[in-house]
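Asker: The file below is final-v2.txt, compact mmCIF, C-alpha atoms:
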```
# COMPACT_ATOMS: atom_id res chain seq x y z
CA MET A 34 0.00 0.00 0.00
CA GLN A 35 1.32 3.44 -0.99
CA VAL A 36 0.37 6.90 0.28
CA ASP A 37 1.08 10.01 -1.81
CA SER A 38 0.39 13.57 -0.74
CA ILE A 39 -1.41 15.56 -3.46
CA GLU A 40 -2.01 18.82 -1.61
CA LYS A 41 -2.91 19.99 1.87
CA ASN A 42 -5.34 17.49 3.45
CA LYS A 43 -5.57 15.53 0.18
CA PHE A 44 -3.85 12.18 -0.42
CA LYS A 45 -3.84 9.29 -2.87
CA LEU A 46 -3.85 5.73 -1.56
CA THR A 47 -2.75 2.95 -3.91
CA PHE A 48 -3.62 -0.57 -2.76
CA GLU A 49 -3.96 -4.02 -4.28
CA ILE A 50 -6.29 -7.01 -4.25
CA GLY A 51 -4.59 -10.33 -4.97
CA ALA A 52 -5.72 -12.67 -7.74
CA GLU A 53 -7.11 -15.20 -5.26
CA ARG A 54 -9.35 -12.65 -3.53
CA PHE A 55 -10.41 -11.14 -6.86
CA ALA A 56 -11.37 -14.65 -8.03
CA GLU A 57 -13.81 -14.80 -5.10
CA GLY A 58 -15.29 -11.53 -6.31
CA LEU A 59 -15.64 -12.83 -9.85
CA ARG A 60 -17.39 -15.97 -8.62
CA HIS A 61 -19.76 -13.80 -6.60
CA SER A 62 -20.44 -11.56 -9.61
CA TYR A 63 -21.09 -14.56 -11.89
CA GLY A 64 -23.58 -16.02 -9.38
CA LYS A 65 -25.32 -12.66 -9.08
CA ASN A 66 -25.62 -11.92 -12.80
CA LYS A 67 -25.81 -15.22 -14.68
CA SER A 68 -29.62 -15.42 -14.52
CA ARG A 69 -29.91 -12.13 -16.38
CA ILE A 70 -27.62 -13.06 -19.27
CA ASN A 71 -28.85 -14.69 -22.45
CA ILE A 72 -26.45 -16.93 -24.41
CA PRO A 73 -27.69 -18.71 -27.56
CA GLY A 74 -27.89 -22.46 -27.00
CA PHE A 75 -28.16 -22.24 -23.21
CA ARG A 76 -31.14 -21.86 -20.94
CA LYS A 77 -31.17 -18.53 -19.13
CA GLY A 78 -28.89 -18.70 -16.12
CA LYS A 79 -27.24 -21.97 -17.20
CA ALA A 80 -24.41 -20.69 -19.39
CA PRO A 81 -20.93 -21.41 -17.95
CA ARG A 82 -18.91 -18.39 -16.88
CA GLN A 83 -16.21 -19.04 -19.47
CA VAL A 84 -18.78 -19.05 -22.26
CA ILE A 85 -20.30 -15.76 -21.06
CA GLU A 86 -16.83 -14.20 -20.86
CA MET A 87 -16.01 -15.36 -24.37
CA HIS A 88 -19.28 -13.85 -25.59
CA TYR A 89 -19.23 -10.53 -23.71
CA GLY A 90 -15.56 -10.08 -22.82
CA ASN A 91 -13.32 -11.09 -19.95
CA ASP A 92 -14.35 -8.05 -17.90
CA VAL A 93 -18.09 -8.70 -18.03
CA PHE A 94 -18.17 -9.61 -14.32
CA TYR A 95 -15.61 -7.06 -13.11
CA GLY A 96 -18.08 -4.39 -11.91
CA ASP A 97 -19.82 -6.39 -9.21
CA ALA A 98 -16.55 -8.16 -8.40
CA PHE A 99 -14.99 -4.76 -7.61
CA ASP A 100 -17.95 -3.91 -5.38
CA PHE A 101 -17.50 -7.24 -3.58
CA VAL A 102 -13.79 -6.91 -2.76
CA LEU A 103 -13.41 -3.14 -2.43
CA PRO A 104 -15.00 -2.31 0.98
CA GLU A 105 -12.79 -4.64 3.00
CA ALA A 106 -9.68 -3.71 1.02
CA TYR A 107 -10.27 0.01 1.37
CA GLU A 108 -10.92 -0.26 5.12
CA GLU A 109 -7.63 -2.11 5.51
CA ALA A 110 -5.75 0.40 3.36
CA SER A 111 -7.20 3.42 5.17
CA ALA A 112 -6.26 1.89 8.53
CA GLN A 113 -2.70 1.17 7.34
CA SER A 114 -2.34 4.73 6.02
CA GLY A 115 -2.62 6.20 9.51
CA LEU A 116 -4.55 9.13 8.02
CA ASP A 117 -7.54 10.71 9.76
CA ILE A 118 -9.85 10.40 6.74
CA ILE A 119 -13.01 12.49 6.97
CA ALA A 120 -14.90 12.02 3.69
CA ARG A 121 -15.93 9.34 1.25
CA PRO A 122 -13.03 8.36 -1.04
CA GLN A 123 -12.94 8.80 -4.79
CA ILE A 124 -12.08 5.30 -5.99
CA ASP A 125 -10.57 4.40 -9.36
CA VAL A 126 -9.33 1.12 -10.82
CA LEU A 127 -5.72 1.43 -11.97
CA GLU A 128 -5.22 -2.13 -13.19
CA ALA A 129 -7.38 -5.26 -13.21
CA SER A 130 -7.02 -8.82 -14.48
CA ALA A 131 -8.11 -12.24 -13.30
CA GLU A 132 -4.46 -13.36 -13.35
CA LYS A 133 -2.94 -10.52 -11.30
CA GLY A 134 -5.83 -9.09 -9.31
CA VAL A 135 -6.75 -5.41 -8.97
CA VAL A 136 -4.89 -2.20 -8.19
CA PHE A 137 -7.13 0.55 -6.79
CA THR A 138 -6.41 4.22 -6.14
CA ALA A 139 -8.41 6.26 -3.62
CA ILE A 140 -8.34 10.03 -3.35
CA VAL A 141 -9.01 10.84 0.30
CA TYR A 142 -9.27 13.96 2.42
CA THR A 143 -8.04 14.26 5.97
CA LYS A 144 -9.28 16.30 8.90
CA PRO A 145 -8.15 19.91 8.41
CA GLU A 146 -6.24 21.83 11.03
CA VAL A 147 -8.47 23.75 13.40
CA GLY A 148 -7.24 27.06 14.80
CA LEU A 149 -9.06 27.96 18.02
CA THR A 150 -8.53 31.40 19.54
CA GLY A 151 -10.68 30.67 22.58
CA TYR A 152 -13.64 28.59 23.62
CA LYS A 153 -14.20 29.25 27.33
CA GLY A 154 -16.04 32.26 28.70
CA LEU A 155 -17.86 32.98 25.43
CA THR A 156 -20.62 35.58 25.82
CA TYR A 157 -24.25 35.39 24.77
CA GLU A 158 -27.47 37.36 25.13
CA ALA A 159 -29.82 35.54 27.50
CA SER A 160 -33.39 35.13 26.24
CA SER A 161 -36.27 36.01 28.54
CA THR A 162 -38.25 33.11 29.98
CA VAL A 163 -40.90 35.31 31.63
CA VAL A 164 -44.44 34.40 30.62
CA SER A 165 -46.78 37.39 30.25
CA GLU A 166 -50.51 37.47 30.90
CA ASP A 167 -51.06 38.27 27.21
CA GLU A 168 -49.26 35.07 26.21
CA VAL A 169 -51.45 33.04 28.56
CA MET A 170 -54.55 34.68 27.09
CA ASP A 171 -53.35 33.98 23.54
CA GLU A 172 -53.17 30.27 24.39
CA LEU A 173 -56.60 30.41 25.99
CA LYS A 174 -58.02 32.04 22.85
CA LYS A 175 -56.50 29.29 20.69
CA LEU A 176 -58.17 26.74 22.97
CA GLN A 177 -61.39 28.74 22.75
CA ASP A 178 -61.19 28.78 18.93
CA ARG A 179 -60.57 25.02 18.76
CA ASN A 180 -63.71 24.47 20.83
CA SER A 181 -65.88 26.92 18.91
CA ARG A 182 -69.12 25.99 17.14
CA VAL A 183 -69.49 26.81 13.46
CA ILE A 184 -72.96 28.04 12.52
CA THR A 185 -74.38 29.07 9.15
CA VAL A 186 -75.40 32.71 8.94
CA THR A 187 -79.08 32.92 7.94
CA ASP A 188 -79.52 36.68 8.21
CA ALA A 189 -79.55 37.92 4.61
CA GLU A 190 -78.30 41.33 5.75
CA ARG A 191 -75.30 39.90 7.59
CA ALA A 192 -72.11 40.68 5.62
CA VAL A 193 -68.76 38.90 5.67
CA GLU A 194 -66.63 39.74 8.72
CA ASN A 195 -63.09 38.87 9.73
CA ASN A 196 -62.70 35.24 10.93
CA ASP A 197 -65.84 34.14 9.03
CA ILE A 198 -65.72 30.98 6.93
CA VAL A 199 -67.05 31.75 3.47
CA THR A 200 -67.95 29.47 0.59
CA ILE A 201 -67.03 31.12 -2.70
CA ASP A 202 -66.77 30.57 -6.45
CA PHE A 203 -63.95 32.39 -8.18
CA THR A 204 -62.18 32.76 -11.49
CA GLY A 205 -58.84 34.53 -11.87
CA TYR A 206 -57.71 36.60 -14.86
CA ILE A 207 -54.41 38.06 -15.98
CA ASP A 208 -54.64 40.57 -18.83
CA ASP A 209 -58.33 39.59 -19.22
CA GLU A 210 -57.35 35.94 -19.80
CA ALA A 211 -58.36 33.19 -17.34
CA PHE A 212 -55.26 31.33 -16.14
CA PRO A 213 -54.85 27.64 -15.17
CA GLY A 214 -55.45 26.94 -11.49
CA GLY A 215 -57.31 30.22 -11.00
CA HIS A 216 -60.82 28.75 -10.89
CA ALA A 217 -62.73 27.01 -8.08
CA VAL A 218 -66.31 26.21 -7.11
CA ASP A 219 -67.61 25.94 -3.51
CA PHE A 220 -64.22 26.79 -2.06
CA GLU A 221 -64.16 27.28 1.74
CA LEU A 222 -61.98 30.16 2.92
CA THR A 223 -61.44 31.53 6.42
CA ILE A 224 -61.18 35.31 6.29
CA GLY A 225 -57.97 36.44 7.95
CA SER A 226 -56.21 33.09 7.59
CA LYS A 227 -53.81 34.51 4.96
CA THR A 228 -54.50 31.44 2.83
CA PHE A 229 -54.75 33.59 -0.29
CA ILE A 230 -52.26 36.12 -1.57
CA ASP A 231 -52.04 39.84 -0.95
CA THR A 232 -55.32 41.50 0.25
CA TYR A 233 -57.63 38.94 -1.37
CA GLU A 234 -59.38 37.98 1.87
CA GLU A 235 -59.74 41.51 3.22
CA GLN A 236 -61.49 42.59 0.03
CA LEU A 237 -64.31 40.09 0.67
CA ILE A 238 -65.27 41.75 3.98
CA GLY A 239 -68.61 43.51 3.63
CA LEU A 240 -70.04 41.25 0.92
CA LYS A 241 -73.37 39.47 1.52
CA VAL A 242 -74.50 36.05 0.30
CA GLY A 243 -75.21 36.20 -3.43
CA GLU A 244 -73.03 39.25 -4.01
CA SER A 245 -70.00 39.31 -6.30
CA LYS A 246 -66.91 41.46 -6.49
CA GLN A 247 -63.81 41.97 -8.57
CA VAL A 248 -60.82 41.36 -6.30
CA HIS A 249 -57.52 42.88 -7.44
CA VAL A 250 -54.23 41.43 -6.17
CA THR A 251 -50.60 41.03 -7.20
CA PHE A 252 -48.80 37.70 -7.06
CA PRO A 253 -45.58 37.71 -4.97
CA GLU A 254 -42.27 37.92 -6.84
CA GLU A 255 -41.26 34.58 -5.25
CA TYR A 256 -44.51 32.81 -6.17
CA HIS A 257 -44.00 29.09 -6.90
CA ALA A 258 -45.62 29.31 -10.34
CA GLU A 259 -43.11 31.31 -12.38
CA GLU A 260 -45.69 32.28 -15.02
CA LEU A 261 -47.70 34.13 -12.31
CA ALA A 262 -44.88 35.53 -10.16
CA GLY A 263 -45.04 39.31 -9.75
CA LYS A 264 -48.08 39.75 -12.02
CA PRO A 265 -51.28 41.69 -11.19
CA ALA A 266 -54.47 39.66 -11.35
CA MET A 267 -58.23 40.14 -11.06
CA PHE A 268 -60.58 37.55 -9.54
CA GLU A 269 -64.32 37.44 -10.07
CA VAL A 270 -65.60 36.22 -6.69
CA GLU A 271 -69.15 35.26 -5.61
CA VAL A 272 -70.04 34.65 -1.97
CA LYS A 273 -72.38 31.63 -1.69
CA GLU A 274 -72.45 31.03 2.05
CA ILE A 275 -71.21 32.61 5.27
CA LYS A 276 -70.44 30.70 8.44
CA SER A 277 -69.34 32.18 11.74
CA LYS A 278 -67.68 30.78 14.80
CA GLU A 279 -69.60 30.84 18.06
CA LEU A 280 -66.98 31.05 20.79
CA PRO A 281 -67.58 29.69 24.30
CA GLU A 282 -67.11 31.99 27.29
CA ILE A 283 -63.74 31.69 28.97
CA ASP A 284 -64.86 30.80 32.49
CA ASP A 285 -64.85 27.93 34.98
CA ASP A 286 -67.34 25.92 32.91
CA PHE A 287 -65.06 26.31 29.88
CA ALA A 288 -62.06 25.08 31.89
CA ALA A 289 -64.00 22.05 33.11
CA ASP A 290 -65.18 21.21 29.59
CA VAL A 291 -61.81 21.44 27.81
CA SER A 292 -59.34 20.29 30.48
CA GLU A 293 -58.89 18.28 33.65
CA PHE A 294 -59.16 21.47 35.71
CA GLU A 295 -62.24 22.77 37.51
CA THR A 296 -61.51 26.48 37.40
CA ILE A 297 -60.17 28.92 34.82
CA ASP A 298 -57.43 29.98 37.23
CA GLU A 299 -56.15 26.41 37.45
CA LEU A 300 -56.21 26.11 33.66
CA LYS A 301 -54.34 29.41 33.29
CA SER A 302 -51.76 28.24 35.82
CA SER A 303 -51.20 25.03 33.85
CA ILE A 304 -50.85 26.98 30.61
CA ARG A 305 -48.34 29.33 32.28
CA VAL A 306 -46.21 26.36 33.44
CA LYS A 307 -46.18 24.79 29.95
CA LEU A 308 -45.31 28.12 28.32
CA ALA A 309 -42.49 28.62 30.81
CA GLU A 310 -41.13 25.14 30.07
CA GLY A 311 -41.26 25.86 26.34
CA LYS A 312 -39.52 29.21 26.78
CA GLU A 313 -36.81 27.66 28.92
CA ALA A 314 -36.20 24.94 26.34
CA GLY A 315 -36.13 27.57 23.58
CA ALA A 316 -33.78 29.78 25.59
CA LYS A 317 -31.46 26.80 26.08
CA ARG A 318 -31.41 26.11 22.33
CA GLU A 319 -30.83 29.79 21.54
CA LYS A 320 -28.02 29.94 24.10
CA GLU A 321 -26.31 26.89 22.63
CA GLN A 322 -26.66 28.23 19.08
CA ALA A 323 -25.33 31.67 20.07
CA ILE A 324 -22.32 30.09 21.77
CA VAL A 325 -21.62 27.80 18.83
CA ASP A 326 -21.81 30.84 16.53
CA LYS A 327 -19.26 32.60 18.72
CA LEU A 328 -17.05 29.50 18.64
CA ILE A 329 -17.26 29.40 14.83
CA ASP A 330 -16.34 33.09 14.63
CA SER A 331 -13.25 32.48 16.74
CA THR A 332 -12.12 29.43 14.74
CA HIS A 333 -10.07 29.26 11.55
CA ILE A 334 -10.56 26.14 9.39
CA ASP A 335 -9.82 25.51 5.70
CA ILE A 336 -12.65 23.07 5.06
CA PRO A 337 -12.29 20.73 2.07
CA GLU A 338 -15.26 21.21 -0.25
CA VAL A 339 -15.93 17.49 -0.20
CA MET A 340 -16.93 17.72 3.48
CA ILE A 341 -19.56 20.33 2.68
CA ASP A 342 -20.74 18.27 -0.30
CA GLU A 343 -21.22 15.23 1.93
CA ARG A 344 -23.23 17.24 4.45
CA VAL A 345 -25.45 18.62 1.67
CA ASP A 346 -25.95 15.04 0.40
CA GLN A 347 -27.05 13.99 3.89
CA MET A 348 -29.48 16.92 4.14
CA MET A 349 -30.97 15.95 0.77
CA ARG A 350 -31.37 12.34 1.97
CA ASP A 351 -33.04 13.59 5.15
CA LEU A 352 -35.45 15.69 3.08
CA ALA A 353 -36.33 12.69 0.90
CA SER A 354 -36.89 10.51 3.99
CA ASP A 355 -39.08 13.18 5.57
CA MET A 356 -41.20 13.47 2.42
CA GLN A 357 -41.53 9.69 2.24
CA ALA A 358 -42.58 9.51 5.91
CA ARG A 359 -45.22 12.19 5.32
CA GLY A 360 -46.46 10.54 2.13
CA ILE A 361 -45.43 13.53 0.01
CA ASN A 362 -44.67 12.98 -3.65
CA PRO A 363 -41.35 14.75 -4.44
CA GLU A 364 -42.64 15.97 -7.80
CA ASP A 365 -45.68 17.56 -6.10
CA TYR A 366 -43.43 19.11 -3.47
CA PHE A 367 -41.18 20.73 -6.07
CA ARG A 368 -44.16 21.89 -8.13
CA TYR A 369 -46.01 23.54 -5.24
CA THR A 370 -42.94 25.10 -3.62
CA GLY A 371 -41.48 26.27 -6.92
CA ALA A 372 -38.18 24.70 -5.86
CA SER A 373 -35.98 22.11 -7.56
CA PRO A 374 -33.33 19.69 -6.30
CA GLU A 375 -30.70 22.10 -7.58
CA THR A 376 -32.10 25.17 -5.81
CA ILE A 377 -32.56 23.20 -2.58
CA ARG A 378 -28.97 21.93 -2.73
CA SER A 379 -27.82 25.51 -3.24
CA SER A 380 -29.85 26.75 -0.27
CA TYR A 381 -28.44 23.92 1.90
CA ARG A 382 -24.82 24.82 1.20
CA GLU A 383 -24.46 27.65 3.74
CA PRO A 384 -26.03 25.76 6.68
CA ALA A 385 -24.04 22.67 5.66
CA GLU A 386 -20.77 24.59 5.87
CA LYS A 387 -21.81 26.04 9.24
CA HIS A 388 -22.60 22.54 10.54
CA VAL A 389 -19.26 21.13 9.37
CA ARG A 390 -17.34 24.09 10.81
CA ALA A 391 -19.09 23.79 14.17
CA ARG A 392 -18.52 20.03 14.36
CA LEU A 393 -14.81 20.35 13.57
CA ALA A 394 -14.42 23.11 16.15
CA LEU A 395 -16.20 21.07 18.82
CA LEU A 396 -14.13 17.99 17.99
CA GLU A 397 -11.02 20.13 18.48
CA VAL A 398 -12.33 21.29 21.86
CA ALA A 399 -12.99 17.65 22.79
CA SER A 400 -9.43 16.74 21.78
CA MET A 401 -7.89 19.60 23.77
CA GLU A 402 -9.97 18.75 26.84
CA ASN A 403 -9.55 14.96 26.47
CA LEU A 404 -13.30 14.48 26.21
CA THR A 405 -14.04 11.01 24.89
CA ALA A 406 -16.91 8.55 24.78
CA SER A 407 -16.75 6.03 27.60
CA GLU A 408 -18.08 2.47 27.29
CA GLU A 409 -21.04 3.58 29.44
CA ASP A 410 -21.72 6.51 27.08
CA ILE A 411 -21.68 4.27 24.02
CA ASP A 412 -23.85 1.64 25.69
CA ALA A 413 -26.42 4.28 26.68
CA GLU A 414 -26.46 5.59 23.11
CA PHE A 415 -27.05 2.09 21.75
CA VAL A 416 -29.96 1.70 24.17
CA LYS A 417 -31.54 4.94 22.91
CA ILE A 418 -31.08 3.98 19.25
CA SER A 419 -32.42 0.47 19.80
CA GLU A 420 -35.50 1.84 21.57
CA SER A 421 -36.04 4.40 18.82
CA TYR A 422 -35.87 1.87 15.96
CA GLY A 423 -37.22 -1.16 17.80
CA ILE A 424 -34.06 -3.19 17.22
CA PRO A 425 -32.50 -5.20 20.07
CA LYS A 426 -29.32 -3.53 21.29
CA GLU A 427 -27.20 -6.64 20.80
CA LYS A 428 -28.32 -6.99 17.17
CA LEU A 429 -27.76 -3.28 16.57
CA MET A 430 -24.19 -3.56 17.84
CA THR A 431 -23.47 -6.43 15.42
CA ILE A 432 -24.97 -4.79 12.31
CA MET A 433 -23.48 -1.34 12.85
CA ALA A 434 -20.24 -0.90 10.91
CA ASP A 435 -17.01 0.14 12.65
CA LYS A 436 -17.13 3.48 10.82
CA GLU A 437 -20.62 4.18 12.18
CA LYS A 438 -19.51 3.24 15.70
CA LYS A 439 -16.57 5.63 15.36
CA GLU A 440 -18.92 8.43 14.27
CA LEU A 441 -21.16 7.62 17.24
CA SER A 442 -18.18 8.08 19.56
CA LYS A 443 -17.43 11.41 17.88
CA ASP A 444 -21.05 12.51 18.33
CA ILE A 445 -20.77 11.87 22.06
CA ALA A 446 -17.48 13.77 22.27
CA VAL A 447 -19.06 16.70 20.40
CA ARG A 448 -21.96 16.83 22.88
CA LYS A 449 -19.53 16.80 25.80
CA ALA A 450 -17.53 19.63 24.22
CA LEU A 451 -20.71 21.64 23.69
CA ASP A 452 -21.74 21.09 27.33
CA LEU A 453 -18.30 22.31 28.45
CA ILE A 454 -18.33 25.57 26.48
CA VAL A 455 -21.99 26.24 27.41
CA GLU A 456 -21.24 25.78 31.12
CA SER A 457 -18.36 28.25 30.90
CA ALA A 458 -20.27 30.84 28.85
CA VAL A 459 -21.16 34.23 30.32
CA ALA A 460 -24.44 36.09 29.76
CA GLY A 461 -23.80 39.48 28.18
```
Let me see the file written as structure tokens.
Answerer:
Amino acid sequence: MQVDSIEKNKFKLTFEIGAERFAEGLRHSYGKNKSRINIPGFRKGKAPRQVIEMHYGNDVFYGDAFDFVLPEAYEEASAQSGLDIIARPQIDVLEASAEKGVVFTAIVYTKPEVGLTGYKGLTYEASSTVVSEDEVMDELKKLQDRNSRVITVTDAERAVENNDIVTIDFTGYIDDEAFPGGHAVDFELTIGSKTFIDTYEEQLIGLKVGESKQVHVTFPEEYHAEELAGKPAMFEVEVKEIKSKELPEIDDDFAADVSEFETIDELKSSIRVKLAEGKEAGAKREKEQAIVDKLIDSTHIDIPEVMIDERVDQMMRDLASDMQARGINPEDYFRYTGASPETIRSSYREPAEKHVRARLALLEVASMENLTASEEDIDAEFVKISESYGIPKEKLMTIMADKEKKELSKDIAVRKALDLIVESAVAG
């Protein structure tokens, strides 16, 4: 195995797979692919390997054979190199033959130097955790709204008011031409919900059932449909029905109906406690983020672009998983948001760099303070992961790769480093 320095934090590893090991890979590849290969005179999947190689070339099974032998060989080579490799390698095949085996090259990047100018006693602006009476009342009003009764307005003279639910028909025009997606029948709209653009909803206030109006609006410059973005439009709108919300009185009876409490004072006290807990949790997150931002500002790191690329890739995978979990079709998501995979990747780049910079800085703090993951720490983390995914801890420990276990240890060290700098921080 050979290690060559290309530039700062960039190296080339050259390593070999012997003919005997490569032969195992070729046998694996043949077994995997033979059923998909048609050879005249043989039933599908029954052609001998030598015949297939004569027909399609000696390298017909090389691809999957490389995939079979490479992971173990690369892990061994990276360990022998002694390098602190921090990103996926760029693998190439230098030479390959059944008689001699395979020579691979791997372009790898190592952990960059981290220059810390200070990480203890960082200052931050403390967020208030005081809960006001107005905030308690806002929560009560939300609870009141959720328990309201919707009634149909029967008074013909009653006009649309804010917070009403109206049923409308509408058709939208741009330059006197109806546009796709601008028409609906029996559409329910809550006035004041900001569901529609611009002042659309406000312009319906004052209309009675059966009345129509021309509503004039302008589409936002950032509107998801590019053909409409920034353009003025006119909607012909007819009000077909008005519904209003009948709100219950906020009193002891209300508290007893909507909660486990008997009085409104008890309910308000419970709301105050929950709001305070939420504010304290938010203040803790804001404090940590402010301190990490200060740490980043006081740290110099030349980050290899490949590290940022890998973080962006992970963020894209997380987005795809989230959409899948929510049952969202990616094509629908991109159409309705006006985004594309390319624009999302671009928007992810800055937060990805910030994440990488923060992690490297915290790993450096952990190194300087000798903060490491103990066996107890790792075991506790395995317990949490196994409970989260419903996989027995022992099985999880056997299926998790050494690289993933190493990253888990780094995650623990990062959290310990963050706890250290947070504890030493000073409110400004």
Asker: Taking all atoms listed in the file into account, which of A:Thr228, A:Glu269, A:Ser181, A:Asp188 comes nearest Ile201 (chain A)?
Answerer: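 Using all atoms listed in the file, the shortest distance to Ile201 (chain A) belongs to A:Glu269.
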Asker: Point out the residue among A:Tyr256, A:Phe99, A:Tyr366, A:Tyr206 with the least atom-to-atom distance to Ile230 (chain A), counting all atoms listed in the file.
Answerer: A:Tyr256
Asker: Write out as CSV the residues of region 93-207 of chain A that have any atom within 12 Å of an atom of region 282-296 of chain A, one row each with the nearest atom pair and its distance in Å to one decimal, counting all atoms listed in the file, sorted by chain and then rising number.
Answerer:
```
residue,atom,partner,partner_atom,distance
A:Met170,CA,A:Ile283,CA,9.8
A:Asp171,CA,A:Ile283,CA,11.9
A:Glu172,CA,A:Ile283,CA,11.6
A:Leu173,CA,A:Ile283,CA,7.8
A:Lys174,CA,A:Ile283,CA,8.4
A:Lys175,CA,A:Ile283,CA,11.3
A:Leu176,CA,A:Val291,CA,8.0
A:Gln177,CA,A:Ile283,CA,7.3
A:Asp178,CA,A:Glu282,CA,10.7
A:Arg179,CA,A:Val291,CA,9.8
A:Asn180,CA,A:Val291,CA,7.8
A:Ser181,CA,A:Glu282,CA,9.9
A:Arg182,CA,A:Glu282,CA,12.0
```
Asker: Rounded to one decimal, what separation in Å do you get between CA of Leu116 (chain A) and CA of Ala394 (chain A)?
Answerer: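 Result for CA of Leu116 (chain A) versus CA of Ala394 (chain A): 18.9 Å, one decimal.
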Asker: What lies within 10 Å of Ala80 (chain A) using all atoms listed in the file, ignoring chain neighbours under 6 positions off, as a short mmCIF file (atom, residue, chain, number, x, y, z; two decimals) with C-alpha atoms, in the frame of the given file?
Answerer:
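selection15.cif was written with the following content:
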```
data_model
loop_
_atom_site.label_atom_id
_atom_site.label_comp_id
_atom_site.auth_asym_id
_atom_site.auth_seq_id
_atom_site.Cartn_x
_atom_site.Cartn_y
_atom_site.Cartn_z
CA LYS A 67 -25.81 -15.22 -14.68
CA SER A 68 -29.62 -15.42 -14.52
CA ILE A 70 -27.62 -13.06 -19.27
CA ASN A 71 -28.85 -14.69 -22.45
CA ILE A 72 -26.45 -16.93 -24.41
CA PRO A 73 -27.69 -18.71 -27.56
CA GLY A 74 -27.89 -22.46 -27.00
#
```
Asker: Can you tell me which residues surround Asp330 (chain A) at a distance of at most 12 Å, considering all atoms listed in the file, apart from same-chain residues fewer than 4 positions away, and format the answer as a ChimeraX atom specification?
Answerer: /A:148-152,155,323-326,334,387,390-391,394
Asker: I'd like the contact shell of Lys278 (chain A) - 12 Å cut-off, all atoms listed in the file, skipping same-chain residues fewer than 3 positions apart - returned as a ChimeraX atom specification.
Answerer: /A:177-186,194-199,223-224,275,281
Asker: Taking C-alpha atoms for each residue, export the selection above as a PDB file, keeping the file's coordinate frame.
Answerer:
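What landed in selection-v5.pdb:
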```pdb
ATOM      1  CA  GLN A 177     -61.390  28.740  22.750  1.00  0.00           C
ATOM      2  CA  ASP A 178     -61.190  28.780  18.930  1.00  0.00           C
ATOM      3  CA  ARG A 179     -60.570  25.020  18.760  1.00  0.00           C
ATOM      4  CA  ASN A 180     -63.710  24.470  20.830  1.00  0.00           C
ATOM      5  CA  SER A 181     -65.880  26.920  18.910  1.00  0.00           C
ATOM      6  CA  ARG A 182     -69.120  25.990  17.140  1.00  0.00           C
ATOM      7  CA  VAL A 183     -69.490  26.810  13.460  1.00  0.00           C
ATOM      8  CA  ILE A 184     -72.960  28.040  12.520  1.00  0.00           C
ATOM      9  CA  THR A 185     -74.380  29.070   9.150  1.00  0.00           C
ATOM     10  CA  VAL A 186     -75.400  32.710   8.940  1.00  0.00           C
ATOM     11  CA  GLU A 194     -66.630  39.740   8.720  1.00  0.00           C
ATOM     12  CA  ASN A 195     -63.090  38.870   9.730  1.00  0.00           C
ATOM     13  CA  ASN A 196     -62.700  35.240  10.930  1.00  0.00           C
ATOM     14  CA  ASP A 197     -65.840  34.140   9.030  1.00  0.00           C
ATOM     15  CA  ILE A 198     -65.720  30.980   6.930  1.00  0.00           C
ATOM     16  CA  VAL A 199     -67.050  31.750   3.470  1.00  0.00           C
ATOM     17  CA  THR A 223     -61.440  31.530   6.420  1.00  0.00           C
ATOM     18  CA  ILE A 224     -61.180  35.310   6.290  1.00  0.00           C
ATOM     19  CA  ILE A 275     -71.210  32.610   5.270  1.00  0.00           C
ATOM     20  CA  PRO A 281     -67.580  29.690  24.300  1.00  0.00           C
TER      21      PRO A 281
END
```
Asker: Near Glu313 (chain A), within 10 Å and counting only C-alpha atoms, which residues show up once chain neighbours fewer than 3 positions away are dropped, as a PDB file with C-alpha atoms, keeping the file's coordinate frame?
Answerer:
```pdb
ATOM      1  CA  SER A 160     -33.390  35.130  26.240  1.00  0.00           C
ATOM      2  CA  SER A 161     -36.270  36.010  28.540  1.00  0.00           C
ATOM      3  CA  THR A 162     -38.250  33.110  29.980  1.00  0.00           C
ATOM      4  CA  VAL A 163     -40.900  35.310  31.630  1.00  0.00           C
ATOM      5  CA  LYS A 307     -46.180  24.790  29.950  1.00  0.00           C
ATOM      6  CA  LEU A 308     -45.310  28.120  28.320  1.00  0.00           C
ATOM      7  CA  ALA A 309     -42.490  28.620  30.810  1.00  0.00           C
ATOM      8  CA  GLU A 310     -41.130  25.140  30.070  1.00  0.00           C
ATOM      9  CA  ALA A 316     -33.780  29.780  25.590  1.00  0.00           C
ATOM     10  CA  LYS A 317     -31.460  26.800  26.080  1.00  0.00           C
ATOM     11  CA  ARG A 318     -31.410  26.110  22.330  1.00  0.00           C
ATOM     12  CA  GLU A 319     -30.830  29.790  21.540  1.00  0.00           C
TER      13      GLU A 319
END
```
Asker: Measuring atom to atom with all atoms listed in the file, identify which of A:Ala372, A:Ile361, A:Ile329, A:Val164 is nearest to Glu255 (chain A).
Answerer: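 Closest to Glu255 (chain A), using all atoms listed in the file: A:Ala372.
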Asker: How many Å separate CA of Leu352 (chain A) from CA of Tyr381 (chain A)?
Answerer: 10.9 Å
Asker: Residues near Glu254 (chain A), anyone? I mean within 12 Å using only C-alpha atoms, not counting same-chain ones fewer than 2 positions away, as a list of chain:residue names.
Answerer: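 Answer for this query is A:Ile230, A:Asp231, A:Thr251, A:Phe252, A:Tyr256, A:His257, A:Ala258, A:Glu259, A:Glu260, A:Leu261, A:Ala262, A:Gly263, A:Lys264, A:Pro265, A:Gly371.
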Asker: Quick one: distance from CA of Lys144 (chain A) to CA of Ala112 (chain A) in Å, one decimal?
Answerer: 14.7 Å
Asker: Mind giving me the axis-aligned box for region 74-85 of chain A with 8 Å on every side, centre plus edges in Å to one decimal, as AutoDock Vina command-line options?
Answerer:
```
--center_x -23.7 --center_y -19.1 --center_z -21.6 --size_x 31.0 --size_y 22.7 --size_z 26.9
```
